[in-house]
>>> print(open('work_23.csv').read())   # CSV, C-alpha atoms and all ligand atoms
chain,number,residue,atom,x,y,z
Y,1,MET,CA,-26.6,9.8,2.4
Y,2,GLU,CA,-22.9,10.5,2.6
Y,3,LEU,CA,-21.8,13.8,1.2
Y,4,ASP,CA,-18.3,14.5,0.2
Y,5,THR,CA,-17.0,17.9,0.9
Y,6,ASP,CA,-17.0,19.1,-2.6
Y,7,ASN,CA,-20.7,18.1,-3.0
Y,8,ALA,CA,-21.4,19.8,0.2
Y,9,PHE,CA,-20.1,23.1,-1.2
Y,10,ALA,CA,-22.1,22.6,-4.4
Y,11,GLU,CA,-25.2,21.9,-2.3
Y,12,LEU,CA,-24.8,25.3,-0.7
Y,13,GLY,CA,-24.2,26.8,-4.2
Y,14,LEU,CA,-20.6,27.6,-3.3
Y,15,ALA,CA,-17.2,27.0,-4.9
Y,16,PRO,CA,-15.0,24.5,-3.0
Y,17,ASP,CA,-12.7,27.4,-1.8
Y,18,ALA,CA,-15.5,29.3,-0.1
Y,19,THR,CA,-14.6,30.9,3.2
Y,20,GLU,CA,-16.3,30.2,6.6
Y,21,ARG,CA,-18.2,33.5,6.3
Y,22,GLU,CA,-19.5,32.6,2.9
Y,23,VAL,CA,-20.5,29.1,4.0
Y,24,LYS,CA,-22.4,30.5,7.0
Y,25,ALA,CA,-24.1,33.2,4.9
Y,26,ALA,CA,-25.1,30.7,2.3
Y,27,TRP,CA,-26.5,28.4,5.0
Y,28,ARG,CA,-28.5,31.2,6.6
Y,29,ARG,CA,-30.0,32.4,3.3
Y,30,LEU,CA,-30.9,28.8,2.2
Y,31,ALA,CA,-32.3,27.9,5.6
Y,32,SER,CA,-34.6,30.9,5.6
Y,33,GLN,CA,-35.7,30.0,2.1
Y,34,TRP,CA,-36.2,26.3,2.6
Y,35,HIS,CA,-37.2,25.9,6.2
Y,36,PRO,CA,-40.5,23.9,6.2
Y,37,ASP,CA,-42.1,26.5,8.5
Y,38,ARG,CA,-41.9,29.0,5.7
Y,39,ASN,CA,-41.8,26.8,2.6
Y,40,ASP,CA,-44.7,24.4,2.1
Y,41,SER,CA,-43.4,23.0,-1.2
Y,42,ALA,CA,-43.2,19.2,-1.4
Y,43,GLY,CA,-39.4,19.0,-1.3
Y,44,ALA,CA,-38.7,21.5,1.4
Y,45,VAL,CA,-38.1,19.1,4.2
Y,46,ALA,CA,-35.7,17.0,2.2
Y,47,ARG,CA,-33.9,20.1,0.9
Y,48,MET,CA,-33.5,21.5,4.4
Y,49,GLN,CA,-32.0,18.3,5.5
Y,50,ARG,CA,-29.5,18.4,2.6
Y,51,ILE,CA,-28.6,22.0,3.4
Y,52,ASN,CA,-27.9,21.1,7.1
Y,53,GLN,CA,-26.0,18.0,6.1
Y,54,ALA,CA,-23.8,20.0,3.7
Y,55,PHE,CA,-23.1,22.6,6.4
Y,56,GLU,CA,-22.2,19.9,8.9
Y,57,GLU,CA,-19.9,18.2,6.4
Y,58,ILE,CA,-18.0,21.4,5.6
Y,59,ARG,CA,-17.7,22.2,9.3
Y,60,ARG,CA,-16.5,18.7,10.1
Y,61,ALA,CA,-13.8,18.8,7.4
Y,62,GLY,CA,-12.7,22.3,8.6
Y,63,PHE,CA,-13.4,25.6,7.1
Y,64,ASN,CA,-11.0,26.6,4.3
Y,65,ASP,CA,-9.8,29.8,6.0
Y,66,ARG,CA,-9.4,28.5,9.5
Y,67,ALA,CA,-5.8,27.3,9.2
Y,68,GLY,CA,-4.7,30.3,7.2
Y,69,GLY,CA,-6.3,32.8,9.6
Y,70,ASP,CA,-6.4,35.6,7.0
Y,71,GLY,CA,-9.3,34.4,5.0
Y,72,ASP,CA,-7.2,33.8,1.9
Y,73,THR,CA,-7.8,30.5,0.2
Y,74,PRO,CA,-4.6,28.5,0.3
Y,75,VAL,CA,-5.0,27.1,-3.2
Y,76,THR,CA,-3.1,28.6,-6.0
Y,77,PRO,CA,-5.5,29.5,-8.8
Y,78,THR,CA,-5.0,27.8,-12.2
Y,79,GLY,CA,-2.5,29.5,-14.4
Y,80,ASP,CA,-0.6,31.3,-11.7
Y,81,ALA,CA,1.8,28.5,-11.0
Y,82,THR,CA,5.4,29.7,-11.4
Y,83,ASP,CA,7.5,27.1,-9.6
Y,84,GLY,CA,7.4,23.6,-8.3
Y,85,SER,CA,5.7,24.3,-5.0
Y,86,ASP,CA,2.8,26.1,-6.6
Y,87,ALA,CA,2.5,23.2,-9.0
Y,88,ASP,CA,2.2,20.9,-6.0
Y,89,GLN,CA,-0.5,23.0,-4.5
Y,90,GLN,CA,-2.4,22.8,-7.8
Y,91,ALA,CA,-2.0,19.0,-7.6
Y,92,GLU,CA,-3.6,19.1,-4.2
Y,93,ALA,CA,-6.5,21.2,-5.6
Y,94,ALA,CA,-6.8,18.8,-8.5
Y,95,SER,CA,-7.2,15.9,-6.1
Y,96,GLY,CA,-10.1,17.6,-4.4
Y,97,ALA,CA,-8.2,19.0,-1.4
Y,98,ALA,CA,-8.9,22.6,-1.5
Y,99,GLY,CA,-8.2,23.4,2.1
Y,100,THR,CA,-5.2,23.1,4.3
Y,101,GLN,CA,-7.3,21.1,6.7
Y,102,ARG,CA,-7.9,18.4,4.2
Y,103,GLN,CA,-5.4,15.6,3.2
Y,104,ARG,CA,-3.8,15.2,-0.2
Y,105,ARG,CA,-5.2,12.3,-2.1
Y,106,THR,CA,-3.5,8.9,-1.5
Y,107,LEU,CA,-3.5,6.1,-4.0
Y,108,HIS,CA,-3.3,2.6,-2.6
Y,109,ARG,CA,-1.2,0.1,-4.5
Y,110,LYS,CA,0.2,-3.3,-4.0
Y,111,LEU,CA,3.7,-4.4,-5.1
Y,112,ARG,CA,4.6,-8.1,-5.3
Y,113,MET,CA,8.3,-9.1,-5.2
Y,114,THR,CA,10.5,-12.1,-4.6
Y,115,LEU,CA,12.2,-12.7,-1.3
Y,116,GLU,CA,15.5,-12.0,-3.0
Y,117,GLN,CA,14.3,-8.6,-4.2
Y,118,ALA,CA,13.0,-7.8,-0.7
Y,119,ALA,CA,16.3,-8.8,0.8
Y,120,SER,CA,18.5,-6.7,-1.5
Y,121,GLY,CA,16.1,-3.9,-2.3
Y,122,CYS,CA,15.0,-3.2,-5.9
Y,123,ILE,CA,13.5,-0.6,-8.2
Y,124,LYS,CA,9.9,-1.3,-9.2
Y,125,VAL,CA,8.0,0.4,-12.0
Y,126,LEU,CA,4.5,1.4,-10.8
Y,127,ARG,CA,2.0,2.1,-13.6
Y,128,GLY,CA,-1.6,3.1,-13.3
Y,129,LYS,CA,-4.3,5.6,-14.2
Y,130,VAL,CA,-5.7,8.5,-12.2
Y,131,THR,CA,-8.6,10.7,-12.8
Y,132,ASP,CA,-7.9,14.2,-11.6
Y,133,ASN,CA,-10.6,16.7,-10.6
Y,134,CYS,CA,-11.0,19.5,-13.1
Y,135,ALA,CA,-8.4,22.1,-12.3
Y,136,SER,CA,-10.6,24.9,-13.6
Y,137,CYS,CA,-13.6,24.3,-11.3
Y,138,ARG,CA,-11.7,22.1,-8.8
Y,139,GLY,CA,-14.2,19.3,-9.2
Y,140,ALA,CA,-17.3,21.3,-8.7
Y,141,GLY,CA,-18.4,21.2,-12.3
Y,142,HIS,CA,-19.4,24.8,-12.3
Y,143,HIS,CA,-18.2,28.3,-11.5
Y,144,VAL,CA,-20.0,30.4,-9.0
Y,145,LEU,CA,-20.7,33.8,-10.7
Y,146,GLY,CA,-22.2,35.4,-7.6
Y,147,GLY,CA,-25.4,37.5,-7.6
Y,148,ASN,CA,-28.9,36.1,-8.1
Y,149,CYS,CA,-29.6,33.3,-10.5
Y,150,ALA,CA,-31.1,34.8,-13.6
Y,151,LYS,CA,-33.5,32.0,-14.1
Y,152,CYS,CA,-35.2,32.0,-10.7
Y,153,GLY,CA,-34.3,35.5,-9.6
Y,154,GLY,CA,-32.5,34.1,-6.5
Y,155,SER,CA,-35.4,32.2,-5.0
Y,156,GLY,CA,-34.0,28.8,-6.1
Y,157,ALA,CA,-37.4,27.7,-7.2
Y,158,ILE,CA,-39.3,28.1,-10.4
Y,159,PRO,CA,-43.0,27.6,-11.0
Y,160,LYS,CA,-43.9,24.3,-12.5
Y,161,ARG,CA,-46.3,24.5,-15.3
Y,162,ALA,CA,-48.4,21.9,-16.9
Y,163,PHE,CA,-48.3,21.7,-20.7
Y,164,PHE,CA,-51.3,24.0,-21.1
Y,165,GLY,CA,-49.7,26.7,-19.0
Y,166,TRP,CA,-51.3,26.5,-15.6
Y,167,PRO,CA,-49.0,26.8,-12.6
Y,168,THR,CA,-48.9,23.5,-10.6
Y,169,GLY,CA,-46.5,24.3,-7.8
Y,170,VAL,CA,-42.8,25.0,-7.7
Y,171,ALA,CA,-39.7,23.0,-8.7
Y,172,GLU,CA,-36.1,23.4,-7.8
Y,173,CYS,CA,-34.3,25.8,-10.2
Y,174,ASP,CA,-32.1,23.7,-12.5
Y,175,ALA,CA,-29.8,26.6,-13.3
Y,176,CYS,CA,-28.6,27.1,-9.7
Y,177,LEU,CA,-29.7,23.7,-8.3
Y,178,GLY,CA,-31.9,25.6,-5.9
Y,179,GLY,CA,-29.1,27.7,-4.4
Y,180,GLY,CA,-30.3,30.9,-5.9
Y,181,ILE,CA,-26.8,32.0,-6.7
Y,182,ALA,CA,-25.8,32.5,-10.4
Y,183,ARG,CA,-23.5,29.8,-11.5
Y,184,GLN,CA,-22.1,28.7,-14.9
Y,185,VAL,CA,-21.3,25.2,-16.1
Y,186,CYS,CA,-17.5,24.7,-16.2
Y,187,ALA,CA,-16.5,24.8,-19.8
Y,188,ALA,CA,-13.2,22.9,-19.2
Y,189,CYS,CA,-14.9,19.7,-18.0
Y,190,ALA,CA,-18.4,20.3,-19.4
Y,191,GLY,CA,-19.8,20.1,-15.9
Y,192,VAL,CA,-18.5,16.7,-15.0
Y,193,GLY,CA,-15.9,18.0,-12.6
Y,194,LYS,CA,-13.3,15.4,-13.7
Y,195,MET,CA,-10.6,15.3,-16.3
Y,196,ALA,CA,-10.0,12.4,-18.6
Y,197,PRO,CA,-8.1,9.5,-17.0
Y,198,ARG,CA,-4.4,10.0,-17.2
Y,199,SER,CA,-1.7,7.3,-17.1
Y,200,TYR,CA,1.2,7.6,-14.7
Y,201,GLN,CA,4.4,5.7,-14.3
Y,202,ILE,CA,6.9,6.1,-11.5
Y,203,ASN,CA,10.0,4.2,-10.4
Y,204,VAL,CA,9.8,3.2,-6.8
Y,205,ARG,CA,13.0,2.4,-4.9
Y,206,ILE,CA,12.3,-0.4,-2.5
Y,207,PRO,CA,14.8,-0.4,0.4
Y,208,PRO,CA,16.5,-3.7,1.4
Y,209,GLY,CA,14.7,-5.6,4.1
Y,210,VAL,CA,11.0,-4.9,3.5
Y,211,ARG,CA,8.7,-7.6,4.9
Y,212,HIS,CA,5.5,-9.0,3.6
Y,213,GLY,CA,2.6,-6.6,4.6
Y,214,ALA,CA,4.9,-3.6,5.0
Y,215,LEU,CA,3.5,-0.2,4.0
Y,216,LEU,CA,5.7,2.3,2.1
Y,217,HIS,CA,4.6,5.8,1.6
Y,218,VAL,CA,5.6,7.7,-1.5
Y,219,ASP,CA,5.3,11.5,-1.1
Y,220,GLY,CA,3.6,12.6,-4.2
Y,221,ARG,CA,5.4,16.0,-4.1
Y,222,ARG,CA,8.7,14.2,-4.5
Y,223,VAL,CA,7.7,12.3,-7.6
Y,224,SER,CA,9.2,13.7,-10.8
Y,225,GLY,CA,8.2,12.9,-14.3
Y,226,GLU,CA,4.9,11.1,-15.1
Y,227,GLY,CA,3.7,11.1,-11.5
Y,228,PRO,CA,0.1,10.6,-10.4
Y,229,ALA,CA,0.0,14.0,-8.5
Y,230,ALA,CA,-0.9,12.1,-5.3
Y,231,ASP,CA,0.7,10.3,-2.5
Y,232,ILE,CA,1.0,6.6,-2.9
Y,233,GLU,CA,0.7,4.0,-0.2
Y,234,ILE,CA,2.3,0.8,-1.3
Y,235,ARG,CA,1.6,-2.5,0.4
Y,236,ILE,CA,4.5,-4.9,0.0
Y,237,GLU,CA,3.7,-8.5,-0.9
Y,238,VAL,CA,6.6,-10.9,-0.7
Y,239,SER,CA,6.0,-14.2,-2.6
Y,240,ARG,CA,6.6,-17.5,-0.7
Y,241,HIS,CA,9.9,-18.9,-1.6
Y,242,GLU,CA,10.5,-22.3,-3.0
Y,243,PHE,CA,13.2,-23.3,-0.5
Y,244,PHE,CA,14.0,-20.3,1.8
Y,245,GLU,CA,12.1,-19.7,5.1
Y,246,LEU,CA,12.3,-16.3,6.7
Y,247,ASP,CA,12.2,-16.1,10.5
Y,248,ASP,CA,11.0,-13.0,12.3
Y,249,ASP,CA,14.6,-12.1,13.4
Y,250,GLY,CA,15.7,-12.2,9.8
Y,251,THR,CA,17.3,-15.6,9.9
Y,252,ILE,CA,16.9,-17.5,6.6
Y,253,ARG,CA,16.5,-21.2,6.9
Y,254,CYS,CA,17.1,-23.7,4.1
Y,255,GLU,CA,17.0,-27.4,4.0
Y,256,MET,CA,19.3,-28.7,1.3
Y,257,PRO,CA,19.5,-32.2,0.0
Y,258,ILE,CA,23.1,-33.2,-0.7
Y,259,ASP,CA,24.9,-36.2,-2.2
Y,260,GLY,CA,25.8,-38.3,0.9
Y,261,PHE,CA,29.2,-39.3,-0.6
Y,262,ALA,CA,30.1,-35.6,-1.0
Y,263,TRP,CA,29.2,-34.9,2.6
Y,264,ILE,CA,31.3,-37.9,3.8
Y,265,ALA,CA,34.2,-36.7,1.6
Y,266,ASN,CA,34.2,-33.2,3.3
Y,267,ARG,CA,33.7,-31.6,-0.1
Y,268,GLN,CA,33.1,-27.9,-0.7
Y,269,VAL,CA,29.6,-27.2,-2.1
Y,270,LYS,CA,27.7,-24.2,-3.4
Y,271,VAL,CA,24.9,-23.1,-1.1
Y,272,PRO,CA,22.2,-20.7,-2.3
Y,273,THR,CA,21.5,-17.6,-0.1
Y,274,VAL,CA,19.1,-14.7,-0.8
Y,275,THR,CA,22.0,-12.7,-2.4
Y,276,GLY,CA,23.5,-15.6,-4.4
Y,277,TYR,CA,25.7,-18.6,-4.0
Y,278,GLN,CA,28.2,-19.0,-1.2
Y,279,MET,CA,30.9,-21.8,-1.0
Y,280,LEU,CA,30.5,-24.0,2.1
Y,281,GLN,CA,33.2,-26.4,3.4
Y,282,LEU,CA,31.4,-29.5,4.5
Y,283,SER,CA,32.3,-31.4,7.6
Y,284,ARG,CA,31.1,-35.0,7.8
Y,285,ASP,CA,30.2,-34.7,11.5
Y,286,ARG,CA,27.9,-31.7,11.0
Y,287,LEU,CA,24.5,-31.3,9.2
Y,288,THR,CA,23.7,-27.7,10.2
Y,289,TYR,CA,25.8,-24.7,9.2
Y,290,ARG,CA,25.3,-21.1,10.0
Y,291,LEU,CA,26.5,-18.5,7.5
Y,292,GLU,CA,26.8,-15.3,9.5
Y,293,GLY,CA,25.4,-12.1,8.0
Y,294,MET,CA,24.2,-13.9,4.9
Y,295,GLY,CA,20.5,-13.9,5.8
Y,296,PHE,CA,17.7,-11.3,5.5
Y,297,PRO,CA,18.2,-7.7,6.9
Y,298,VAL,CA,17.2,-7.7,10.6
Y,299,GLN,CA,15.4,-4.4,10.0
Y,300,CYS,CA,14.8,-2.4,6.9
Y,301,ARG,CA,18.2,-1.1,5.7
Y,302,GLY,CA,19.8,-2.8,8.7
Y,303,PRO,CA,22.6,-5.4,8.9
Y,304,ARG,CA,21.8,-8.9,7.8
Y,305,ALA,CA,21.0,-11.8,10.1
Y,306,ASP,CA,22.4,-15.3,9.5
Y,307,HIS,CA,21.6,-17.9,6.9
Y,308,VAL,CA,21.2,-21.4,8.4
Y,309,VAL,CA,21.4,-24.4,6.0
Y,310,THR,CA,20.6,-27.9,7.2
Y,311,LEU,CA,21.9,-30.7,5.0
Y,312,VAL,CA,19.9,-33.8,4.2
Y,313,PRO,CA,22.6,-36.3,2.9
Y,314,ILE,CA,21.1,-38.5,0.3
Y,315,PHE,CA,22.7,-41.9,-0.4
Y,316,PRO,CA,21.7,-43.9,-3.5
Y,317,GLN,CA,18.9,-46.3,-2.9
Y,318,GLN,CA,20.6,-48.8,-5.1
Y,319,LEU,CA,24.4,-48.9,-5.4
Y,320,SER,CA,26.2,-49.6,-8.7
Y,321,THR,CA,28.6,-52.6,-8.7
Y,322,ASP,CA,31.5,-50.2,-8.6
Y,323,GLN,CA,30.1,-48.3,-5.7
Y,324,GLN,CA,29.4,-51.6,-3.8
Y,325,ILE,CA,33.0,-52.8,-4.3
Y,326,LEU,CA,34.4,-49.4,-3.1
Y,327,LEU,CA,32.2,-49.4,-0.1
Y,328,ASP,CA,33.2,-53.0,0.8
Y,329,GLN,CA,36.8,-51.9,0.6
Y,330,LEU,CA,36.1,-48.8,2.7
Y,331,SER,CA,34.3,-50.6,5.5
Y,332,ALA,CA,37.0,-53.4,5.5
Y,333,THR,CA,39.5,-50.7,6.5
Y,334,THR,CA,37.6,-50.1,9.8
Y,335,LEU,CA,36.1,-53.6,10.4
Y,336,GLY,CA,39.5,-55.3,10.4
Y,337,ALA,CA,41.3,-52.4,12.2
Y,338,ASP,CA,42.8,-52.7,15.7
Y,339,GLU,CA,40.8,-51.6,18.6
Y,340,GLU,CA,43.3,-48.7,19.2
Y,341,ALA,CA,42.8,-47.4,15.7
Y,342,LEU,CA,39.0,-46.8,16.3
Y,343,ASP,CA,37.4,-43.6,17.2
Y,344,GLU,CA,37.1,-43.1,21.0
Y,345,ARG,CA,33.3,-43.1,20.8
Y,346,LEU,CA,33.3,-46.6,19.2
Y,347,ARG,CA,35.8,-47.9,21.7
Y,348,ALA,CA,33.7,-46.6,24.7
Y,349,TRP,CA,30.6,-48.3,23.1
Y,350,ASN,CA,32.4,-51.6,22.7
Y,351,ARG,CA,33.6,-51.5,26.3
Y,352,GLY,CA,30.1,-50.9,27.5
Y,353,LEU,CA,28.7,-53.8,25.5
Y,354,ARG,CA,31.3,-56.2,26.9
Y,355,GLY,CA,30.2,-55.4,30.5
Y,356,TRP,CA,26.4,-55.7,29.6
Y,357,LYS,CA,24.3,-58.6,30.7
Y,358,THR,CA,20.9,-59.1,29.1
Y,359,ALA,CA,17.9,-59.6,31.4
Y,360,THR,CA,17.1,-62.9,29.7
Y,361,GLY,CA,20.5,-64.4,30.2
Y,362,PRO,CA,21.2,-67.1,32.9
Y,363,ASP,CA,21.7,-65.2,36.1
Y,364,GLY,CA,25.2,-65.5,37.6
Y,365,ALA,CA,26.4,-67.8,34.7
X,401,ZN,ZN,-14.5,21.9,-14.5
X,402,ZN,ZN,-31.9,29.6,-10.1
>>> encode(input="work_23.csv", output="structure tokens")
Amino acid sequence: MELDTDNAFAELGLAPDATEREVKAAWRRLASQWHPDRNDSAGAVARMQRINQAFEEIRRAGFNDRAGGDGDTPVTPTGDATDGSDADQQAEAASGAAGTQRQRRTLHRKLRMTLEQAASGCIKVLRGKVTDNCASCRGAGHHVLGGNCAKCGGSGAIPKRAFFGWPTGVAECDACLGGGIARQVCAACAGVGKMAPRSYQINVRIPPGVRHGALLHVDGRRVSGEGPAADIEIRIEVSRHEFFELDDDGTIRCEMPIDGFAWIANRQVKVPTVTGYQMLQLSRDRLTYRLEGMGFPVQCRGPRADHVVTLVPIFPQQLSTDQQILLDQLSATTLGADEEALDERLRAWNRGLRGWKTATGPDGA
């Protein structure tokens, strides 16, 4: 069975802020009481195992007073908070971290966003619910009063009696859970150790350039307003984009269908980028264009990489009569043109064709 540290303290009949000395004393006393060599009750072996497990768990997590060195518990008692930092310490206590050795509680959340939001940064509202440990008993569900338990006189066991009054062995004392130390059910939480679930809402500023799968850490002590009194680890999820592809180096690639006539005519067109439209001057001898610094940030908060757009000129499958007439006129301007008026690439091709003999032609003809 896995024991958490608070349960371990409760098992030894101690409050979660008990010192190393108190833990060791409680363990010695309980061990001498429950060791199977001295205790032949039915549950003694199991109880002894639980006592040892509890002691090991507390030692593993670190004794409360080790870091402080002076034996003081580092947690501010309820009601003594006078400023922000004390309130923060209370928050730590509320989340079950009574000792300096133990971590503050961390909530794990996911945030989904578009590629555009990830590129430019954004503010996201994070809403949720947290259940705090009872601040009065720090999650233990009881207060340790000290001294011997009144019900069992400190032995931790009470005689079991059958309904007609004869003793039939011993049972663990339900008032002290066998610890023998007087304790009192916490009135603030009715012994549950938890408070009612509480809603929280915080605004998280997402920096420009976060990638899918990135982890952002929100320090709970810096959250103002309706915070969850805990740290938050946020896993970023960037949705797949309909027409942008993000490369590892931050380059955004986009394949863009374009009216073929507009491309031939060297028009200016609007090109979508992650931060909005950009005007692009087309050039009929090029299909790929690089817009420098218009891509995704190279690193978080860093300068932006390039946006590369590749045009896919689309010509109509069927031309209208007007379009056919215009195209005939257009091609006539080059078909009937002088050789000298042609582009050098066409002239070189024509020269090559004139000197070419096919393999099937009559040799030497
Ligand atoms: Zn309580
Ligand atoms: Zn008792």
>>> residues_around(input="work_23.csv", residues="region 174-185 of chain Y", least_positions_apart="5", cutoff="12 Å", atoms="only C-alpha atoms", output="mmCIF file with C-alpha atoms, keeping the file's coordinate frame")
data_model
loop_
_atom_site.group_PDB
_atom_site.id
_atom_site.type_symbol
_atom_site.label_atom_id
_atom_site.label_comp_id
_atom_site.auth_asym_id
_atom_site.auth_seq_id
_atom_site.Cartn_x
_atom_site.Cartn_y
_atom_site.Cartn_z
ATOM 1 C CA ASN Y 7 -20.700 18.100 -3.000
ATOM 2 C CA ALA Y 8 -21.400 19.800 0.200
ATOM 3 C CA PHE Y 9 -20.100 23.100 -1.200
ATOM 4 C CA ALA Y 10 -22.100 22.600 -4.400
ATOM 5 C CA GLU Y 11 -25.200 21.900 -2.300
ATOM 6 C CA LEU Y 12 -24.800 25.300 -0.700
ATOM 7 C CA GLY Y 13 -24.200 26.800 -4.200
ATOM 8 C CA LEU Y 14 -20.600 27.600 -3.300
ATOM 9 C CA ALA Y 15 -17.200 27.000 -4.900
ATOM 10 C CA ALA Y 25 -24.100 33.200 4.900
ATOM 11 C CA ALA Y 26 -25.100 30.700 2.300
ATOM 12 C CA TRP Y 27 -26.500 28.400 5.000
ATOM 13 C CA ARG Y 28 -28.500 31.200 6.600
ATOM 14 C CA ARG Y 29 -30.000 32.400 3.300
ATOM 15 C CA LEU Y 30 -30.900 28.800 2.200
ATOM 16 C CA ALA Y 31 -32.300 27.900 5.600
ATOM 17 C CA SER Y 32 -34.600 30.900 5.600
ATOM 18 C CA GLN Y 33 -35.700 30.000 2.100
ATOM 19 C CA TRP Y 34 -36.200 26.300 2.600
ATOM 20 C CA GLY Y 43 -39.400 19.000 -1.300
ATOM 21 C CA ALA Y 44 -38.700 21.500 1.400
ATOM 22 C CA ARG Y 47 -33.900 20.100 0.900
ATOM 23 C CA MET Y 48 -33.500 21.500 4.400
ATOM 24 C CA ARG Y 50 -29.500 18.400 2.600
ATOM 25 C CA ILE Y 51 -28.600 22.000 3.400
ATOM 26 C CA SER Y 136 -10.600 24.900 -13.600
ATOM 27 C CA CYS Y 137 -13.600 24.300 -11.300
ATOM 28 C CA GLY Y 139 -14.200 19.300 -9.200
ATOM 29 C CA ALA Y 140 -17.300 21.300 -8.700
ATOM 30 C CA GLY Y 141 -18.400 21.200 -12.300
ATOM 31 C CA HIS Y 142 -19.400 24.800 -12.300
ATOM 32 C CA HIS Y 143 -18.200 28.300 -11.500
ATOM 33 C CA VAL Y 144 -20.000 30.400 -9.000
ATOM 34 C CA LEU Y 145 -20.700 33.800 -10.700
ATOM 35 C CA GLY Y 146 -22.200 35.400 -7.600
ATOM 36 C CA GLY Y 147 -25.400 37.500 -7.600
ATOM 37 C CA ASN Y 148 -28.900 36.100 -8.100
ATOM 38 C CA CYS Y 149 -29.600 33.300 -10.500
ATOM 39 C CA ALA Y 150 -31.100 34.800 -13.600
ATOM 40 C CA LYS Y 151 -33.500 32.000 -14.100
ATOM 41 C CA CYS Y 152 -35.200 32.000 -10.700
ATOM 42 C CA GLY Y 153 -34.300 35.500 -9.600
ATOM 43 C CA GLY Y 154 -32.500 34.100 -6.500
ATOM 44 C CA SER Y 155 -35.400 32.200 -5.000
ATOM 45 C CA GLY Y 156 -34.000 28.800 -6.100
ATOM 46 C CA ALA Y 157 -37.400 27.700 -7.200
ATOM 47 C CA ILE Y 158 -39.300 28.100 -10.400
ATOM 48 C CA PRO Y 159 -43.000 27.600 -11.000
ATOM 49 C CA LYS Y 160 -43.900 24.300 -12.500
ATOM 50 C CA ALA Y 190 -18.400 20.300 -19.400
ATOM 51 C CA GLY Y 191 -19.800 20.100 -15.900
ATOM 52 C CA VAL Y 192 -18.500 16.700 -15.000
ATOM 53 C CA GLY Y 193 -15.900 18.000 -12.600
#
>>> residues_around(input="work_23.csv", residues="Ser199 (chain Y)", least_positions_apart="4", cutoff="8 Å", atoms="all atoms listed in the file", output="number ranges by chain")
Y: 127-130, 226, 228
>>> closest_residue(input="work_23.csv", among="Y:Gln49, Y:Gln318, Y:Asn133, Y:Asn64", to="ligand ZN 401 (chain X)", atoms="only C-alpha atoms and all ligand atoms")
Y:Asn133
>>> residues_around(input="work_23.csv", residues="Phe243 (chain Y)", least_positions_apart="3", cutoff="10 Å", atoms="all atoms listed in the file", output="NGL selection string")
:Y and (240 or 252-256 or 272)
>>> atom_distance(input="work_23.csv", atom1="CA of Gly169 (chain Y)", atom2="CA of Phe55 (chain Y)")
27.4 Å
>>> closest_residue(input="work_23.csv", among="Y:Gly220, Y:Gly227, Y:Pro257, Y:Pro16", to="ligand ZN 401 (chain X)", atoms="all atoms listed in the file")
Y:Pro16
>>> atom_distance(input="work_23.csv", atom1="CA of Gly250 (chain Y)", atom2="CA of Ser120 (chain Y)")
12.9 Å
>>> closest_residue(input="work_23.csv", among="Y:Arg138, Y:Arg290, Y:Arg284, Y:Arg161", to="ligand ZN 401 (chain X)", atoms="all atoms listed in the file")
Y:Arg138
>>> closest_residue(input="work_23.csv", among="Y:Glu172, Y:Asp248, Y:Glu242, Y:Glu22", to="ligand ZN 402 (chain X)", atoms="only C-alpha atoms and all ligand atoms")
Y:Glu172
>>> residues_around(input="work_23.csv", residues="Val308 (chain Y)", least_positions_apart="3", cutoff="10 Å", atoms="only C-alpha atoms", output="list in words")
Phe244, Glu245, Thr251, Ile252, Arg253, Cys254, Glu255, Thr273, Thr288, Tyr289, Arg290, Leu291, Glu292, Met294, Gly295, Ala305 and Leu311 of chain Y
>>> atom_distance(input="work_23.csv", atom1="CA of Asp247 (chain Y)", atom2="CA of Asp306 (chain Y)")
10.3 Å
>>> closest_residue(input="work_23.csv", among="Y:Val274, Y:Lys194, Y:Val218, Y:Ile202", to="ligand ZN 401 (chain X)", atoms="only C-alpha atoms and all ligand atoms")
Y:Lys194
